[in-house]
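> Okay, here's the structure, questions in a sec.
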Amino acid sequence: MAEIRRRPITPSVQASSSSLPRPSSGQRRPEDRLWRRSRLSIFILVSAGILGLYTLSNSLFESTPFFSYRIASHSSNEFKKIRSQDETLKLPIGYAVGHADFDDGRSRICKKEFLEPKSVGCNWVNVNLGNEGSEPNLSGGMIPAVAPPFGMTRWTPQSRENYVSMCPYNQTDTKIHGFIGTHQPAIWMGESGPTEIHASLGEVITDFAKRGLSFDRKDEYASPNYYRNLLDAGKDKGKVEIEMSATSRVGHIRYTFNTSFENIKPHVVLQASRKTWILHGDQPDDKVPYYPDGYVEIDIEKQEVRGWNNERQDHVLVEEELPAKNFISYFVARFSQPFVEGGISHSGKIQHGKLKSQGEVLAGYVQFPETTKEVEVRVGVSFISLKQASRNIDLEIPDGQTLAETSYQTRSLWSDKLDLLSVSGATPSNLTVLYTSFAHTLVYPYEVYENTLNDGSSYYSGYLDKVVKGISYSGYSIWDTFRAQSAWLIFTSPERVPDMITSVIQDYKEGGWLPMWKNIVETNIMVGTHADSMIAQAMKIGIKGFDYREAWQAVRKNAFTPPDRDTELRFGDREEGTPQEVRAGLTEYMKLGYVADDLHTESGSRTLDYAYDDHAAAIVASIMGAQEDAALLRKRADSYRNLFNHETGHMEARNSDGTWAGSDKGWTEGDHWAYTLDVMHDVPGLIDLMGGKDKFVNFLDRHFVGGHNLHTNEPSHHIPYMYILASSPHKTQEWVRKIGESDYNHTADGLSGNEDCGQMSAWYLFSAMGIYPVDPANATYVLGAPFFDELTLKLPNSNKKIEIIAKGASSKMKYVKNLKINNQDYEDHIVAHDLLSKGGKWEWEMRGDPQTWGT
């Protein structure tokens with residue numbers, strides 16, 4: 001979902017002589033970048049010349065694809081040998097190169113204690129990849145957050161205020177206003193219960209705009225487990241070094257105060273509540289002020305600051321059936337050094353000595369003796385209570401734990417996942433994209449459950465508006481992630497998948513429906529009920545650990561029960577105060593075979609999505625023995641045919657009287673070109689509908705050459721894989737490679753669209769392996785061609801691994817002549833999940849010119 005919820009995309013339809021897709025207005029296509037950058041006398045001169053020539057040649061080779069991938073291919077075991085220049089860096093004692101050069105001016109070195117345990121994968125992650133540009137549509141929507149995989153609270157430096165369409169950090173900014181513990185799951189979604197903390201010297205300033213401190217980019221170091229920067233508090237005050245690590249529910253921050261001035265006291269500010277914004281409509285400028293309530297108390301005896309707020313920016317979207325009125329995010333801050341005084345502020349107005357207050361734009365602060373040089377703060381966060389926030393500190397970062405130990409704890413969790421992947425034949429830029437992509441797939445959905453005393457795990461349920469026992473997740477961007485990210489998690493985080501599916505079933509039991517886009521509760525963002533696909537995929541694979549009967553009940557309700565007021569509401573883009581949207585227009589869909597454009601918005605997209613969801617629901621029904629329902633749903637899955645206009649050769653929305661609505665009507669995040677190809681479950685049927693393989697391939701050619709394949713939006717993600725299903729495998733291999741090169745790179749500008757909770761990255765990872773789940777509900781994968789000479793993915797909790805061997809793929813040999821799986825020729829162009837899950841050796845024979853394999 002690359003733009004603010006469901007904003008239509010209307011790309012240029014002019015033909016292009018270029019073979020690459022061209023960006024539409026307001027979108028970017030980053031260039032593919034690589035990384036830039038007497039006898040004794042005679043003996044010395046000759047040696048110096050040889051050394052200089054060697055250094056120059058290395059530098060030139062690193063900028064040349066043919067040589068650079070060979071340099072990088074030797075990096076699997078020791079990061080420092082990626083570039084020869086790293087070995088000549090003069091580093092302070094106790095410091096080391098922490099990550100690759102991402103061409104952004106940030107520091108690459110940090111203390112060695114924050115680089116433990118050693119991890120090849122962590123060293124290649126660029127936490128700013130996808131952070132560049134004007135918000136929201138020229139940025140990937142990513143931030144340099146520190147948290148473990150799937151962490152409940154992500155801590156990031158805050159350079160701007162965040163709200164729907166705005167992230168809390170952008171690397172074009174030059175001031176840091178503190179750290180924020182954020183629960184904003186994506187740039188186009190609202191924040192929920194953030195915690196902000198800021199430290200400085202001298203006069204206490206709590207106002208967000210005024211408290212920002214400038215910094216030099218060269219002083220900033222950022223990684224998945226540790227962040228560091230040096231902030232300037234003013235020429236007559238000094239500087240503040242900020243360091244931060246975090247666990248899932250606790251931020252761990254160290255402030256070092258450097259001042260030579262007298263009577264300068266350090267202070268720390270905790271923002272309890274703030275002025276923020278609600279987006280009315282789908283445009284970033286259509287925002288109005290929003291003032292959540294907050295509470296703060298300063299306990300000098302216990303040396304704690306405690307507080308809460310009820311901020312939930314998306315609360316306006318769904319009507320009173322899901323009020324979540326009791327939602328509160330709590331925090332408790334503990335300090336390593338005693339503070340001596342404190343106070344509060346409302347709207348930036350300081351009230352020194354007042355230690356407790358409630359209200360809007362509220363902050364608390366504490367001051368330390370002027371001799372204080374270092375303060376560590378542990379901030380526990382909870383959705384349950386202040387007591388639980390304190391318990392979370394005891395459980396995750398207990399007294400006496402050092403910042404380095406917290407970093408080690410979190411880096412270990414990243415290493416356990418990222419180091420499942422190894423690759424040979426990739427450039428440094430490729431390696432950054434690969435490992436950063438992997439990291440991006442391990443952020444959502446995020447934990448919202450907490451370890452409660454004697455109860456095991458509990459969570460705040462926004463549907464029931466109270467705390468209940470169990471495990472739950474939030475941040476489900478299912479319209480995006482059902483396509484590939486859900487499949488990637490099955491391979492790389494199988495221990496999480498049963499609980500993640502149980503979580504959506506709990507949402508059904510508590511709120512009446514499976515979630516579409518859950519942010520604490522359902523938000524009605526996007527269209528379709530693609531949780532059906534997640535469940536079908538898991539059942540088809542045979543994943544255990546969730547209730548199949550309840551899952552089928554939930555899927556069946558999606559398929560046969562229209563939402564409340566379905567015949568009254570259009571369920572428009574970010575329409576406020578509506579019931580849960582689910583399959584809006586299902587009433588006429590079941591009657592007419594399509595959603596009518598004169599009755600419901602985005603009718604064409606809805607019709608095609610519902611047809612796919614019917615396909616997924618049929619799989620679930622069949623597994624559960626409900627054969628009559630399965631047969632009916634399979635028949636309904638053909639509803640896509642009702643939108644094909646034979647006169648225009650495109651899909652087109654229809655009105656309730658059967659007339660065509662026009663080629664530009666009824667689409668979300670795509671156009672009639674993309675949606676004509678949005679039939680993932682029945683490509684052979686679509687080929688026949690469009691007149692056979694030759695006409696279908698011709699349509700695909702016009703789609704790509706005309707610049708209609710906008711990878712920024714998910715309906716285009718499966719399209720290049722359709723060529724091989726029409727007996728043109730070389731065109732799949734060409735276009736997948738082109739997209740991988742044009743839409744991804746190693747810099748902050750490295751995503752062509754918003755990350756979409758891991759979907760953009762999952763596309764790249766699967767494509768690099770040479771496979772893609774075109775029909776995820778069916779747990780099958782269409783074959784493309786690998787990007788690199790060798791890629792191995794170890795399957796966790798087993799001795800199995802998938803070995804992808806494609807000699808020459810790294811040097812532009814992109815066409816497949818033959819494929820052997822475990823030494824057996826494989827002739828089909830589709831592979832089942834079961835074969836992949838067994839691991840094994842995949843040997844691709846690559847060539848530099850188009851081949852007939854796969855036809």
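Going through the structure tokens in order, the chains are called A, B, and so on, while each chain numbers its residues from 1 and the ligands are numbered from 1 in the order shown.
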Can I get the residues of stretch 517-621 of chain A within 12 Å of stretch 669-677 of chain A, each with the closest pair of atoms and their distance in Å to one decimal, using only C-alpha atoms, sorted chain first then ascending number, as JSON lines?

```
{"residue": "A:Met526", "atom": "CA", "partner": "A:Glu669", "partner_atom": "CA", "distance": 9.4}
{"residue": "A:Val527", "atom": "CA", "partner": "A:Glu669", "partner_atom": "CA", "distance": 10.6}
{"residue": "A:Asp573", "atom": "CA", "partner": "A:Glu669", "partner_atom": "CA", "distance": 11.5}
{"residue": "A:Glu602", "atom": "CA", "partner": "A:Glu669", "partner_atom": "CA", "distance": 9.7}
{"residue": "A:Ser603", "atom": "CA", "partner": "A:Tyr675", "partner_atom": "CA", "distance": 11.6}
{"residue": "A:Gly604", "atom": "CA", "partner": "A:Tyr675", "partner_atom": "CA", "distance": 8.1}
{"residue": "A:Ser605", "atom": "CA", "partner": "A:Tyr675", "partner_atom": "CA", "distance": 7.2}
{"residue": "A:Arg606", "atom": "CA", "partner": "A:Tyr675", "partner_atom": "CA", "distance": 10.6}
{"residue": "A:Thr607", "atom": "CA", "partner": "A:Tyr675", "partner_atom": "CA", "distance": 10.4}
{"residue": "A:Leu608", "atom": "CA", "partner": "A:Tyr675", "partner_atom": "CA", "distance": 7.9}
{"residue": "A:Asp609", "atom": "CA", "partner": "A:Tyr675", "partner_atom": "CA", "distance": 9.9}
```
> Residues near A:Ala145, anyone? I mean within 10 Å using only C-alpha atoms, not counting same-chain ones fewer than 3 positions away, as a list of chain:residue names.
A:Val127, A:Asn128, A:Met142, A:Pro148, A:Thr153, A:Arg154, A:Trp155, A:Thr156, A:Pro157, A:Tyr169, A:Phe179, A:Ile180, A:Gly181, A:Thr182, A:Ala222, A:Ser223, A:Pro224, A:Asn225, A:Tyr226, A:Tyr227, A:Ser245, A:Ala246
> I want to know what sits within 7 Å of stretch 327-336 of chain A, based on only C-alpha atoms, with residues of the same chain fewer than 2 positions away left out; could you give that as a ChimeraX atom specification?
/A:193,303-310,324-325,338,375-383,385-386,389-390,462
> Need to verify the contact set: A:Asp657, 12 Å, only C-alpha atoms, exclusion of same-chain residues closer than 2 positions in sequence. Can you return it as a list in words?
Glu588, Leu592, Tyr594, Val595, Ala596, Asp597, Asp598, Leu599, Ala653, Arg654, Asn655, Thr659, Trp660 and Ala661 of chain A
> Considering only C-alpha atoms, return as a count of residues only whatever protein or nucleic-acid residues lie within 12 Å of A:Glu321, sequence-local ones (same chain, fewer than 6 positions apart) excluded.
17
> Mind pulling up the distance from atom CA of A:Tyr408 to atom CA of A:Lys118?
9.8 Å
> Could you write out, as a PyMOL selection string, all the residues of stretch 421-452 of chain A that DSSP marks as alpha helix (DSSP H)?
chain A and resi 428-440
> Which residues are close to stretch 808-821 of chain A, i.e. within 9 Å by only C-alpha atoms, leaving aside same-chain residues fewer than 4 positions away? Reply as a PyMOL selection string.
chain A and resi 65-66+69+424-427+729-730+733-734+737+784-790+825-827+840-854
> Determine which residues of stretch 88-304 of chain A DSSP labels as strand (DSSP E) from the backbone of this structure, then write them out as a ChimeraX atom specification.
/A:95-97,109-111,154-157,175-176,179-182,195-201,213-215,221-222,227-234,238-246,250-258,266-271,276-279,287-290,294-299,304
> Can you pull out every residue within 8 Å of A:Val164, counting only C-alpha atoms, but drop anything in the same chain fewer than 2 positions away, and send it as a VMD selection string?
chain A and resid 162 166 187 to 191 277 to 279 284 313
> Save out the residues we just selected, N, CA and C atoms, as an mmCIF file, in the first residue's frame.

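Saved result, part18.cif, follows:
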```cif
data_model
loop_
_atom_site.group_PDB
_atom_site.id
_atom_site.type_symbol
_atom_site.label_atom_id
_atom_site.label_comp_id
_atom_site.auth_asym_id
_atom_site.auth_seq_id
_atom_site.Cartn_x
_atom_site.Cartn_y
_atom_site.Cartn_z
ATOM 1 N N ASN A 162 5.160 12.644 14.519
ATOM 2 C CA ASN A 162 4.584 11.634 13.638
ATOM 3 C C ASN A 162 3.063 11.579 13.762
ATOM 4 N N MET A 166 3.146 10.617 8.271
ATOM 5 C CA MET A 166 4.420 11.191 8.684
ATOM 6 C C MET A 166 5.119 10.278 9.689
ATOM 7 N N ILE A 187 3.516 4.077 7.901
ATOM 8 C CA ILE A 187 3.426 5.523 7.713
ATOM 9 C C ILE A 187 2.001 6.004 7.466
ATOM 10 N N TRP A 188 1.172 5.171 6.864
ATOM 11 C CA TRP A 188 -0.188 5.607 6.534
ATOM 12 C C TRP A 188 -1.177 5.268 7.665
ATOM 13 N N MET A 189 -0.669 4.740 8.796
ATOM 14 C CA MET A 189 -1.518 4.413 9.936
ATOM 15 C C MET A 189 -1.229 5.362 11.088
ATOM 16 N N GLY A 190 -2.129 5.380 12.071
ATOM 17 C CA GLY A 190 -1.986 6.289 13.194
ATOM 18 C C GLY A 190 -1.156 5.721 14.330
ATOM 19 N N GLU A 191 -0.614 6.616 15.120
ATOM 20 C CA GLU A 191 0.126 6.257 16.327
ATOM 21 C C GLU A 191 -0.843 5.820 17.416
ATOM 22 N N TRP A 277 -2.187 14.973 15.483
ATOM 23 C CA TRP A 277 -3.090 15.259 14.367
ATOM 24 C C TRP A 277 -3.904 14.028 13.996
ATOM 25 N N ILE A 278 -5.115 14.293 13.546
ATOM 26 C CA ILE A 278 -5.962 13.256 12.949
ATOM 27 C C ILE A 278 -6.147 13.601 11.484
ATOM 28 N N LEU A 279 -6.033 12.591 10.644
ATOM 29 C CA LEU A 279 -6.229 12.785 9.208
ATOM 30 C C LEU A 279 -7.701 12.532 8.880
ATOM 31 N N PRO A 284 -2.651 13.986 3.120
ATOM 32 C CA PRO A 284 -1.837 14.352 4.287
ATOM 33 C C PRO A 284 -2.109 15.745 4.824
ATOM 34 N N GLN A 313 -4.674 7.659 17.168
ATOM 35 C CA GLN A 313 -5.025 8.547 16.067
ATOM 36 C C GLN A 313 -6.079 7.968 15.129
#
```
